[in-house]
Amino acid sequence: MKKVWMVFMMCLVVLTARAELKIDIAGAGTNPIPIAIPVFAGDTGEEITTIIRNDLQNSGLFRLVDPNAYIQKINGVNTTPRFADWQAIKAEALVQGEVTHQPDGRIKVAFRLWDVFAGQSMEGKALTLAAQDKRRLGHMAADMIYGRITGETGYFDSKIVYVAETGPHQKRVKRLAMMDQDGANHRYLTNGRSMVLTPRFSPDMQKIAYLSYKGGRPSVYLMDVVSGKEETIGYFPGMTFAPRFSPDSRSLLMSFSEKGNTEIYLYDIMSGDKKRLTHHPMIDTSPSFSPDGNQIVFNSDRSGSQQLYVMDKNGKNAKRISLGKGTYATPVWSPRGDYIAFTKIQGGEFYIGLMRPDGSAERLIAKGFLVEGPTWAPNGRVLMYFKQNPYSSYGEGGETGLYSIDVTGRYERKISTPVDGSDPAWSPLLH
């Protein structure tokens with residue numbers, strides 16, 4: 001009888017224990033978690049705190065509790081929270097921290113994440129980087145907080161490369177630009193003398209591939225991310241989209257025309273060898289590898305209209321996966337392998353959509369006069385794309401900007417850029 005009673009009490013404890021604070025990121029009805037983030041101690045604490053607050057709030061999964069409502073004053077990472085004070089202002093999570101300068105000139109950020117209603121520490125970390133990388137410390141801390149609460153990898157410590165656009169509609173100047181995912185540290189990579197299109201990061205974050213019209217003809221270039229040094233891969237007639245890297249960064253998928261027929265090729269960067277993957281009289285283009293490198297999604301008009309297909313990495317066993325109305329373009333496989341994002345045109349509207357790799361569960365999550373060019377955040381839970389407004393009959397207006405949206409379609413926001421932007425590409429995580 002005593003043993004049975006002990007088992008009963010153990011079960012009662014399990015049933016009455018409060019579940020750990022957690023967000024179901026895939027849930028369409030998720031409400032943002034109220035989170036309190038007092039300013040970190042230290043002379044650069046306010047800057048780091050602002051970065052963390054903005055990252056988490058911009059994800060759409062967190063709601064910042066107004067600092068004016070704080071009851072307890074937190075001073076550093078070792079202050080013991082009075083949980084009743086934070087519960088009273090309805091904060092469910094609390095982050096405290098401090099920033100210190102090390103003797104070798106580096107900066108250290110230490111923080112602790114608390115589950116307020118459970119009164120328990122969820123995470124405690126210390127991060128150190130060179131002083132010039134202090135913004136990254138904020139992004140890295142935000143990634144860890146995001147990851148601990150959602151159970152997913154964060155995406156804040158990452159870069160965006162895109163095409164910066166200026167000038168009138170009839171004579172656009174397009175140059176490469178790169179920035180942090182929050183728009184900071186913006187810099188131009190090319191001078192605008194030659195038009196550039198569709199840049200892509202390599203998975204190892206060493207190179208950017210893009211199409212440029214230097215010399216008046218389209219050629220594929222590789223740019224070193226750190227040094228900015230360019231090298232020409234080659235001139236490929238009839239190129240319709242810039243190439244995408246293979247998961248090992250050693251090869252490029254590309255489509256170009258030979259004898260009037262556009263097909264998909266695999267190009268070996270080191271040897272220069274190219275292998276033809278598709279053999280069809282209709283147009284095959286815009287290929288993208290699955291994250292394991294075993295399959296390729298592409299679009300083709302071989303069925304009479306532009307649709308999505310998946311084939312093996314050697315070009316065999318091509319199968320149509322888009323079965324809805326309208327036409328499909330620019331497919332790109334999620335880093336998680338669970339979705340394929342695409343552009344869709346239906347009924348005169350442009351859409352950004354998602355489907356499973358077998359074509360099931362299609363969902364349209366954004367639309368506009370022109371929305372195009374989806375690219376995945378490194379955690380596969382957020383997309384970025386560009387949106388263009390219509391031009392007037394005089395060629396005026398038509399602003400083009402970058403936007404992000406999560407996979408539920410609930411949290412769309414405009415990304416700040418100094419000029420118009422198109423063709424974004426999201427980098428892998430930097431850490």
# chains A, B, ... in the order shown; residues from 1 in each chain; ligands from 1
>>> residues_around(residues="range 250-252 of chain A", least_positions_apart="4", cutoff="8 Å", atoms="only C-alpha atoms", output="list in words")
Pro243, Arg244, Phe245, Ser246, Leu266, Tyr267, Asp268, Ile269 and Met270 of chain A
>>> write_last_selection(atoms="N, CA and C atoms", output="PDB file, in the first residue's frame")
ATOM      1  N   PRO A 243      23.324  31.459 -60.614  1.00  0.00           N
ATOM      2  CA  PRO A 243      23.467  30.096 -60.093  1.00  0.00           C
ATOM      3  C   PRO A 243      23.255  30.012 -58.585  1.00  0.00           C
ATOM      4  N   ARG A 244      22.975  28.802 -58.143  1.00  0.00           N
ATOM      5  CA  ARG A 244      22.915  28.497 -56.708  1.00  0.00           C
ATOM      6  C   ARG A 244      23.964  27.452 -56.380  1.00  0.00           C
ATOM      7  N   PHE A 245      24.514  27.549 -55.177  1.00  0.00           N
ATOM      8  CA  PHE A 245      25.558  26.625 -54.747  1.00  0.00           C
ATOM      9  C   PHE A 245      24.977  25.269 -54.346  1.00  0.00           C
ATOM     10  N   SER A 246      25.807  24.262 -54.484  1.00  0.00           N
ATOM     11  CA  SER A 246      25.511  22.960 -53.901  1.00  0.00           C
ATOM     12  C   SER A 246      25.746  23.048 -52.397  1.00  0.00           C
ATOM     13  N   LEU A 266      25.156  21.366 -63.906  1.00  0.00           N
ATOM     14  CA  LEU A 266      25.937  21.413 -62.674  1.00  0.00           C
ATOM     15  C   LEU A 266      27.366  21.762 -63.053  1.00  0.00           C
ATOM     16  N   TYR A 267      27.876  22.851 -62.480  1.00  0.00           N
ATOM     17  CA  TYR A 267      29.197  23.360 -62.832  1.00  0.00           C
ATOM     18  C   TYR A 267      30.145  23.170 -61.657  1.00  0.00           C
ATOM     19  N   ASP A 268      31.263  22.476 -61.889  1.00  0.00           N
ATOM     20  CA  ASP A 268      32.277  22.259 -60.864  1.00  0.00           C
ATOM     21  C   ASP A 268      33.199  23.480 -60.804  1.00  0.00           C
ATOM     22  N   ILE A 269      33.213  24.154 -59.656  1.00  0.00           N
ATOM     23  CA  ILE A 269      33.954  25.416 -59.545  1.00  0.00           C
ATOM     24  C   ILE A 269      35.449  25.212 -59.714  1.00  0.00           C
ATOM     25  N   MET A 270      36.004  24.129 -59.178  1.00  0.00           N
ATOM     26  CA  MET A 270      37.445  23.913 -59.232  1.00  0.00           C
ATOM     27  C   MET A 270      37.906  23.494 -60.623  1.00  0.00           C
TER      28      MET A 270
END
>>> closest_atom_pairs(of="range 101-218 of chain A", to="range 380-388 of chain A", cutoff="12 Å", atoms="only C-alpha atoms", output="JSON lines")
{"residue": "A:Thr150", "atom": "CA", "partner": "A:Arg381", "partner_atom": "CA", "distance": 11.1}
{"residue": "A:Gly151", "atom": "CA", "partner": "A:Arg381", "partner_atom": "CA", "distance": 11.9}
{"residue": "A:Glu152", "atom": "CA", "partner": "A:Arg381", "partner_atom": "CA", "distance": 8.7}
{"residue": "A:Thr153", "atom": "CA", "partner": "A:Gly380", "partner_atom": "CA", "distance": 8.9}
{"residue": "A:Gly154", "atom": "CA", "partner": "A:Arg381", "partner_atom": "CA", "distance": 9.2}
{"residue": "A:Tyr155", "atom": "CA", "partner": "A:Val382", "partner_atom": "CA", "distance": 8.6}
{"residue": "A:Phe156", "atom": "CA", "partner": "A:Val382", "partner_atom": "CA", "distance": 10.9}
{"residue": "A:Lys159", "atom": "CA", "partner": "A:Met384", "partner_atom": "CA", "distance": 11.9}
{"residue": "A:Ile160", "atom": "CA", "partner": "A:Met384", "partner_atom": "CA", "distance": 9.4}
{"residue": "A:Val161", "atom": "CA", "partner": "A:Met384", "partner_atom": "CA", "distance": 11.2}
{"residue": "A:Tyr162", "atom": "CA", "partner": "A:Phe386", "partner_atom": "CA", "distance": 9.7}
{"residue": "A:Val163", "atom": "CA", "partner": "A:Phe386", "partner_atom": "CA", "distance": 10.1}
{"residue": "A:Ala164", "atom": "CA", "partner": "A:Phe386", "partner_atom": "CA", "distance": 11.3}
{"residue": "A:Glu165", "atom": "CA", "partner": "A:Gln388", "partner_atom": "CA", "distance": 11.6}
{"residue": "A:His169", "atom": "CA", "partner": "A:Gln388", "partner_atom": "CA", "distance": 11.6}
{"residue": "A:Gln181", "atom": "CA", "partner": "A:Met384", "partner_atom": "CA", "distance": 10.0}
{"residue": "A:Asp182", "atom": "CA", "partner": "A:Met384", "partner_atom": "CA", "distance": 11.9}
{"residue": "A:Thr198", "atom": "CA", "partner": "A:Phe386", "partner_atom": "CA", "distance": 11.7}
>>> residues_around(residues="Lys22 in chain A", least_positions_apart="2", cutoff="9 Å", atoms="only C-alpha atoms", output="PyMOL selection string")
chain A and resi 19-20+24+33+148-151
>>> write_last_selection(atoms="N, CA and C atoms", output="JSON list (two decimals), in the first residue's frame")
[["chain", "number", "residue", "atom", "x", "y", "z"],
["A", 19, "ALA", "N", 4.33, 23.56, -16.84],
["A", 19, "ALA", "CA", 5.11, 23.28, -18.04],
["A", 19, "ALA", "C", 6.13, 24.38, -18.26],
["A", 20, "GLU", "N", 7.31, 24.00, -18.78],
["A", 20, "GLU", "CA", 8.36, 24.96, -19.04],
["A", 20, "GLU", "C", 7.91, 25.97, -20.09],
["A", 24, "ASP", "N", 5.48, 27.38, -29.43],
["A", 24, "ASP", "CA", 5.35, 26.50, -30.59],
["A", 24, "ASP", "C", 5.43, 27.36, -31.83],
["A", 33, "ILE", "N", 5.12, 35.97, -26.58],
["A", 33, "ILE", "CA", 5.43, 35.84, -25.15],
["A", 33, "ILE", "C", 5.88, 37.19, -24.61],
["A", 148, "ARG", "N", 16.32, 28.92, -26.90],
["A", 148, "ARG", "CA", 15.95, 28.25, -25.64],
["A", 148, "ARG", "C", 14.44, 28.23, -25.45],
["A", 149, "ILE", "N", 13.76, 29.28, -25.87],
["A", 149, "ILE", "CA", 12.31, 29.35, -25.66],
["A", 149, "ILE", "C", 11.53, 28.65, -26.77],
["A", 150, "THR", "N", 12.03, 28.72, -28.01],
["A", 150, "THR", "CA", 11.30, 28.12, -29.12],
["A", 150, "THR", "C", 11.71, 26.68, -29.42],
["A", 151, "GLY", "N", 12.90, 26.30, -28.98],
["A", 151, "GLY", "CA", 13.41, 24.98, -29.34],
["A", 151, "GLY", "C", 13.97, 24.93, -30.75]]
>>> select_by_dssp(residues="range 105-182 of chain A", states="strand (DSSP E or B)", output="ChimeraX atom specification")
/A:107-115,120-129,159-166,173-180
>>> write_last_selection(atoms="N, CA and C atoms", output="short mmCIF file (atom, residue, chain, number, x, y, z; two decimals), in the first residue's frame")
data_model
loop_
_atom_site.label_atom_id
_atom_site.label_comp_id
_atom_site.auth_asym_id
_atom_site.auth_seq_id
_atom_site.Cartn_x
_atom_site.Cartn_y
_atom_site.Cartn_z
N ILE A 107 35.23 42.37 -25.86
CA ILE A 107 34.02 42.68 -25.10
C ILE A 107 33.33 41.38 -24.71
N LYS A 108 32.87 41.32 -23.47
CA LYS A 108 32.19 40.14 -22.95
C LYS A 108 30.75 40.51 -22.58
N VAL A 109 29.82 39.70 -23.05
CA VAL A 109 28.41 39.86 -22.70
C VAL A 109 27.98 38.61 -21.93
N ALA A 110 27.53 38.82 -20.71
CA ALA A 110 26.99 37.72 -19.90
C ALA A 110 25.50 37.98 -19.67
N PHE A 111 24.69 36.95 -19.80
CA PHE A 111 23.26 37.13 -19.60
C PHE A 111 22.65 35.88 -18.97
N ARG A 112 21.46 36.09 -18.39
CA ARG A 112 20.70 34.97 -17.83
C ARG A 112 19.24 35.13 -18.23
N LEU A 113 18.64 34.02 -18.63
CA LEU A 113 17.23 33.98 -19.01
C LEU A 113 16.46 33.25 -17.94
N TRP A 114 15.34 33.87 -17.49
CA TRP A 114 14.52 33.30 -16.42
C TRP A 114 13.10 33.03 -16.91
N ASP A 115 12.55 31.92 -16.45
CA ASP A 115 11.12 31.63 -16.56
C ASP A 115 10.49 32.25 -15.32
N GLN A 120 12.54 29.88 -12.37
CA GLN A 120 13.69 29.05 -12.68
C GLN A 120 14.55 29.68 -13.78
N SER A 121 15.86 29.43 -13.67
CA SER A 121 16.78 29.86 -14.71
C SER A 121 16.67 28.90 -15.89
N MET A 122 16.55 29.47 -17.10
CA MET A 122 16.48 28.65 -18.30
C MET A 122 17.80 28.62 -19.07
N GLU A 123 18.57 29.67 -18.93
CA GLU A 123 19.82 29.76 -19.69
C GLU A 123 20.73 30.77 -19.04
N GLY A 124 22.03 30.50 -19.06
CA GLY A 124 23.03 31.44 -18.60
C GLY A 124 24.27 31.30 -19.45
N LYS A 125 24.69 32.38 -20.11
CA LYS A 125 25.82 32.30 -21.03
C LYS A 125 26.70 33.52 -20.91
N ALA A 126 27.97 33.35 -21.30
CA ALA A 126 28.90 34.46 -21.44
C ALA A 126 29.55 34.36 -22.81
N LEU A 127 29.53 35.45 -23.57
CA LEU A 127 30.03 35.48 -24.94
C LEU A 127 31.09 36.57 -25.06
N THR A 128 32.17 36.29 -25.77
CA THR A 128 33.26 37.25 -25.92
C THR A 128 33.69 37.35 -27.37
N LEU A 129 33.80 38.59 -27.87
CA LEU A 129 34.28 38.83 -29.22
C LEU A 129 35.13 40.10 -29.23
N LYS A 159 23.73 37.53 -42.31
CA LYS A 159 23.86 38.64 -43.26
C LYS A 159 22.82 38.52 -44.37
N ILE A 160 22.59 39.64 -45.03
CA ILE A 160 21.76 39.70 -46.22
C ILE A 160 22.58 40.35 -47.33
N VAL A 161 22.62 39.70 -48.50
CA VAL A 161 23.15 40.36 -49.69
C VAL A 161 21.96 40.60 -50.61
N TYR A 162 21.94 41.75 -51.27
CA TYR A 162 20.79 42.07 -52.12
C TYR A 162 21.22 43.01 -53.24
N VAL A 163 20.30 43.29 -54.15
CA VAL A 163 20.57 44.23 -55.23
C VAL A 163 20.00 45.59 -54.84
N ALA A 164 20.87 46.56 -54.64
CA ALA A 164 20.47 47.93 -54.30
C ALA A 164 20.15 48.68 -55.59
N GLU A 165 18.95 49.28 -55.65
CA GLU A 165 18.47 49.90 -56.89
C GLU A 165 18.26 51.41 -56.70
N THR A 166 18.75 52.17 -57.67
CA THR A 166 18.55 53.62 -57.68
C THR A 166 18.27 54.06 -59.12
N VAL A 173 19.99 51.73 -61.86
CA VAL A 173 21.35 51.36 -61.48
C VAL A 173 21.24 50.28 -60.42
N LYS A 174 21.86 49.13 -60.67
CA LYS A 174 21.76 47.99 -59.76
C LYS A 174 23.16 47.56 -59.33
N ARG A 175 23.38 47.59 -58.02
CA ARG A 175 24.68 47.16 -57.49
C ARG A 175 24.48 46.26 -56.29
N LEU A 176 25.47 45.44 -56.00
CA LEU A 176 25.39 44.55 -54.86
C LEU A 176 25.61 45.32 -53.57
N ALA A 177 24.85 44.94 -52.55
CA ALA A 177 25.03 45.51 -51.21
C ALA A 177 24.88 44.39 -50.19
N MET A 178 25.51 44.57 -49.04
CA MET A 178 25.42 43.57 -47.97
C MET A 178 25.20 44.28 -46.64
N MET A 179 24.47 43.64 -45.75
CA MET A 179 24.17 44.22 -44.43
C MET A 179 23.88 43.10 -43.46
N ASP A 180 23.84 43.43 -42.17
CA ASP A 180 23.35 42.50 -41.17
C ASP A 180 21.86 42.27 -41.41
#
>>> residues_around(residues="Phe350 in chain A", least_positions_apart="6", cutoff="8 Å", atoms="only C-alpha atoms", output="VMD selection string")
chain A and resid 343 to 344 367 to 372
>>> residues_around(residues="Glu362 in chain A", least_positions_apart="4", cutoff="12 Å", atoms="only C-alpha atoms", output="PDB file with C-alpha atoms, in the first residue's frame")
ATOM      1  CA  ILE A 321       4.895  18.765 -57.616  1.00  0.00           C
ATOM      2  CA  SER A 322       2.870  21.973 -58.200  1.00  0.00           C
ATOM      3  CA  LEU A 323      -0.743  21.001 -58.749  1.00  0.00           C
ATOM      4  CA  GLY A 324      -2.640  24.223 -58.033  1.00  0.00           C
ATOM      5  CA  LYS A 325      -3.922  26.855 -60.432  1.00  0.00           C
ATOM      6  CA  TYR A 328       5.093  28.937 -60.384  1.00  0.00           C
ATOM      7  CA  TYR A 339       9.294  23.235 -47.299  1.00  0.00           C
ATOM      8  CA  ILE A 340       9.884  24.647 -50.753  1.00  0.00           C
ATOM      9  CA  ALA A 341       9.178  28.372 -51.126  1.00  0.00           C
ATOM     10  CA  PHE A 342       8.156  29.808 -54.476  1.00  0.00           C
ATOM     11  CA  THR A 343       6.672  32.732 -56.375  1.00  0.00           C
ATOM     12  CA  LYS A 344       3.195  32.186 -57.827  1.00  0.00           C
ATOM     13  CA  TYR A 351       2.211  35.519 -54.271  1.00  0.00           C
ATOM     14  CA  ILE A 352       4.924  34.045 -52.086  1.00  0.00           C
ATOM     15  CA  GLY A 353       3.948  30.510 -51.149  1.00  0.00           C
ATOM     16  CA  LEU A 354       5.099  27.309 -49.478  1.00  0.00           C
ATOM     17  CA  MET A 355       4.559  23.638 -50.163  1.00  0.00           C
ATOM     18  CA  ARG A 356       5.962  20.355 -48.947  1.00  0.00           C
ATOM     19  CA  PRO A 357       8.607  18.731 -51.176  1.00  0.00           C
ATOM     20  CA  ASP A 358       5.953  16.319 -52.469  1.00  0.00           C
ATOM     21  CA  VAL A 407       6.175  30.539 -42.193  1.00  0.00           C
TER      22      VAL A 407
END
>>> closest_residue(among="A:Val297, A:Gly183, A:Lys259, A:Gly401", to="Thr330 in chain A", atoms="only C-alpha atoms")
A:Val297
>>> residues_around(residues="Glu47 in chain A", least_positions_apart="4", cutoff="12 Å", atoms="only C-alpha atoms", output="PDB file with C-alpha atoms, in the first residue's frame")
ATOM      1  CA  PRO A  38      16.216  45.510 -18.473  1.00  0.00           C
ATOM      2  CA  VAL A  39      19.193  47.471 -19.799  1.00  0.00           C
ATOM      3  CA  PHE A  40      22.368  45.439 -19.360  1.00  0.00           C
ATOM      4  CA  ALA A  41      24.946  46.854 -16.938  1.00  0.00           C
ATOM      5  CA  GLY A  42      28.109  48.349 -18.462  1.00  0.00           C
ATOM      6  CA  ASP A  43      28.953  51.349 -20.619  1.00  0.00           C
ATOM      7  CA  ILE A  51      19.866  44.863 -30.369  1.00  0.00           C
ATOM      8  CA  ILE A  52      18.490  41.943 -28.342  1.00  0.00           C
ATOM      9  CA  ARG A  53      15.129  43.636 -27.831  1.00  0.00           C
ATOM     10  CA  ASN A  54      14.754  44.482 -31.525  1.00  0.00           C
ATOM     11  CA  GLU A  98      26.009  42.920 -18.228  1.00  0.00           C
ATOM     12  CA  VAL A  99      28.714  44.006 -20.658  1.00  0.00           C
ATOM     13  CA  VAL A 109      28.415  39.858 -22.697  1.00  0.00           C
ATOM     14  CA  LYS A 134      30.081  43.996 -30.438  1.00  0.00           C
ATOM     15  CA  ARG A 135      26.814  44.096 -32.431  1.00  0.00           C
ATOM     16  CA  ARG A 136      27.258  40.406 -33.141  1.00  0.00           C
ATOM     17  CA  LEU A 137      27.291  39.743 -29.402  1.00  0.00           C
ATOM     18  CA  GLY A 138      23.760  41.129 -29.190  1.00  0.00           C
ATOM     19  CA  HIS A 139      22.604  39.007 -32.126  1.00  0.00           C
TER      20      HIS A 139
END
>>> residues_around(residues="Phe83 in chain A", least_positions_apart="4", cutoff="12 Å", atoms="only C-alpha atoms", output="list in words")
Ala36, Tyr70, Ile71, Gln72, Ile74, Thr79, Gln87, Ala88, Ile89, Lys90, Ala91, Glu92, Ala93, Leu94, Trp114, Asp115, Val116, Phe117, Ala118, Gly119, Gln120 and Ser121 of chain A
>>> select_by_dssp(residues="range 10-174 of chain A", states="alpha helix (DSSP H)", output="number ranges by chain")
A: 10-16, 45-58, 83-88, 134-150
>>> atom_distance(atom1="CA of Tyr210 in chain A", atom2="CA of Ser305 in chain A")
27.1 Å
>>> closest_residue(among="A:Arg276, A:Lys207, A:Arg363, A:Lys214", to="Arg193 in chain A", atoms="only C-alpha atoms")
A:Lys214
>>> closest_atom_pairs(of="range 401-423 of chain A", to="range 374-378 of chain A", cutoff="12 Å", atoms="only C-alpha atoms", output="tab-separated table")
residue	atom	partner	partner_atom	distance
A:Leu402	CA	A:Pro374	CA	10.1
A:Tyr403	CA	A:Pro374	CA	9.6
A:Ser404	CA	A:Pro374	CA	9.2
A:Ile405	CA	A:Trp376	CA	10.0
A:Asp406	CA	A:Ala377	CA	9.5
A:Val407	CA	A:Trp376	CA	10.0
A:Ser422	CA	A:Pro374	CA	10.3
A:Asp423	CA	A:Pro374	CA	8.1
>>> write_last_selection(atoms="C-alpha atoms", output="mmCIF file, in the first residue's frame")
data_model
loop_
_atom_site.group_PDB
_atom_site.id
_atom_site.type_symbol
_atom_site.label_atom_id
_atom_site.label_comp_id
_atom_site.auth_asym_id
_atom_site.auth_seq_id
_atom_site.Cartn_x
_atom_site.Cartn_y
_atom_site.Cartn_z
ATOM 1 C CA LEU A 402 12.713 43.950 -48.905
ATOM 2 C CA TYR A 403 10.248 42.222 -46.592
ATOM 3 C CA SER A 404 10.367 39.299 -44.199
ATOM 4 C CA ILE A 405 7.588 36.988 -43.089
ATOM 5 C CA ASP A 406 7.455 33.886 -40.902
ATOM 6 C CA VAL A 407 6.175 30.539 -42.193
ATOM 7 C CA SER A 422 15.485 43.487 -54.642
ATOM 8 C CA ASP A 423 16.770 39.902 -55.004
#
>>> atom_distance(atom1="CA of Ser158 in chain A", atom2="CA of Pro32 in chain A")
22.8 Å
>>> decode(residues="range 151-163 of chain A", atoms="N, CA and C atoms", output="PDB file, in the first residue's frame")
ATOM      1  N   GLY A 151      12.903  26.301 -28.982  1.00  0.00           N
ATOM      2  CA  GLY A 151      13.408  24.981 -29.341  1.00  0.00           C
ATOM      3  C   GLY A 151      13.974  24.935 -30.749  1.00  0.00           C
ATOM      4  N   GLU A 152      14.033  26.092 -31.428  1.00  0.00           N
ATOM      5  CA  GLU A 152      14.549  26.189 -32.789  1.00  0.00           C
ATOM      6  C   GLU A 152      15.861  26.977 -32.793  1.00  0.00           C
ATOM      7  N   THR A 153      16.658  26.799 -33.827  1.00  0.00           N
ATOM      8  CA  THR A 153      17.858  27.601 -33.988  1.00  0.00           C
ATOM      9  C   THR A 153      17.475  29.040 -34.316  1.00  0.00           C
ATOM     10  N   GLY A 154      18.222  29.984 -33.789  1.00  0.00           N
ATOM     11  CA  GLY A 154      17.965  31.385 -34.104  1.00  0.00           C
ATOM     12  C   GLY A 154      18.481  31.751 -35.487  1.00  0.00           C
ATOM     13  N   TYR A 155      18.287  33.005 -35.876  1.00  0.00           N
ATOM     14  CA  TYR A 155      18.723  33.447 -37.212  1.00  0.00           C
ATOM     15  C   TYR A 155      19.237  34.879 -37.218  1.00  0.00           C
ATOM     16  N   PHE A 156      19.451  35.469 -36.054  1.00  0.00           N
ATOM     17  CA  PHE A 156      19.773  36.894 -35.986  1.00  0.00           C
ATOM     18  C   PHE A 156      21.222  37.203 -36.343  1.00  0.00           C
ATOM     19  N   ASP A 157      22.144  36.309 -36.046  1.00  0.00           N
ATOM     20  CA  ASP A 157      23.552  36.537 -36.370  1.00  0.00           C
ATOM     21  C   ASP A 157      23.812  36.065 -37.798  1.00  0.00           C
ATOM     22  N   SER A 158      23.336  36.845 -38.753  1.00  0.00           N
ATOM     23  CA  SER A 158      23.417  36.466 -40.167  1.00  0.00           C
ATOM     24  C   SER A 158      23.454  37.717 -41.024  1.00  0.00           C
ATOM     25  N   LYS A 159      23.734  37.534 -42.305  1.00  0.00           N
ATOM     26  CA  LYS A 159      23.864  38.636 -43.258  1.00  0.00           C
ATOM     27  C   LYS A 159      22.825  38.524 -44.370  1.00  0.00           C
ATOM     28  N   ILE A 160      22.593  39.641 -45.030  1.00  0.00           N
ATOM     29  CA  ILE A 160      21.759  39.697 -46.219  1.00  0.00           C
ATOM     30  C   ILE A 160      22.575  40.347 -47.331  1.00  0.00           C
ATOM     31  N   VAL A 161      22.622  39.704 -48.496  1.00  0.00           N
ATOM     32  CA  VAL A 161      23.149  40.364 -49.692  1.00  0.00           C
ATOM     33  C   VAL A 161      21.963  40.598 -50.614  1.00  0.00           C
ATOM     34  N   TYR A 162      21.935  41.746 -51.273  1.00  0.00           N
ATOM     35  CA  TYR A 162      20.790  42.068 -52.121  1.00  0.00           C
ATOM     36  C   TYR A 162      21.218  43.013 -53.236  1.00  0.00           C
ATOM     37  N   VAL A 163      20.301  43.289 -54.151  1.00  0.00           N
ATOM     38  CA  VAL A 163      20.566  44.231 -55.232  1.00  0.00           C
ATOM     39  C   VAL A 163      19.996  45.587 -54.841  1.00  0.00           C
TER      40      VAL A 163
END
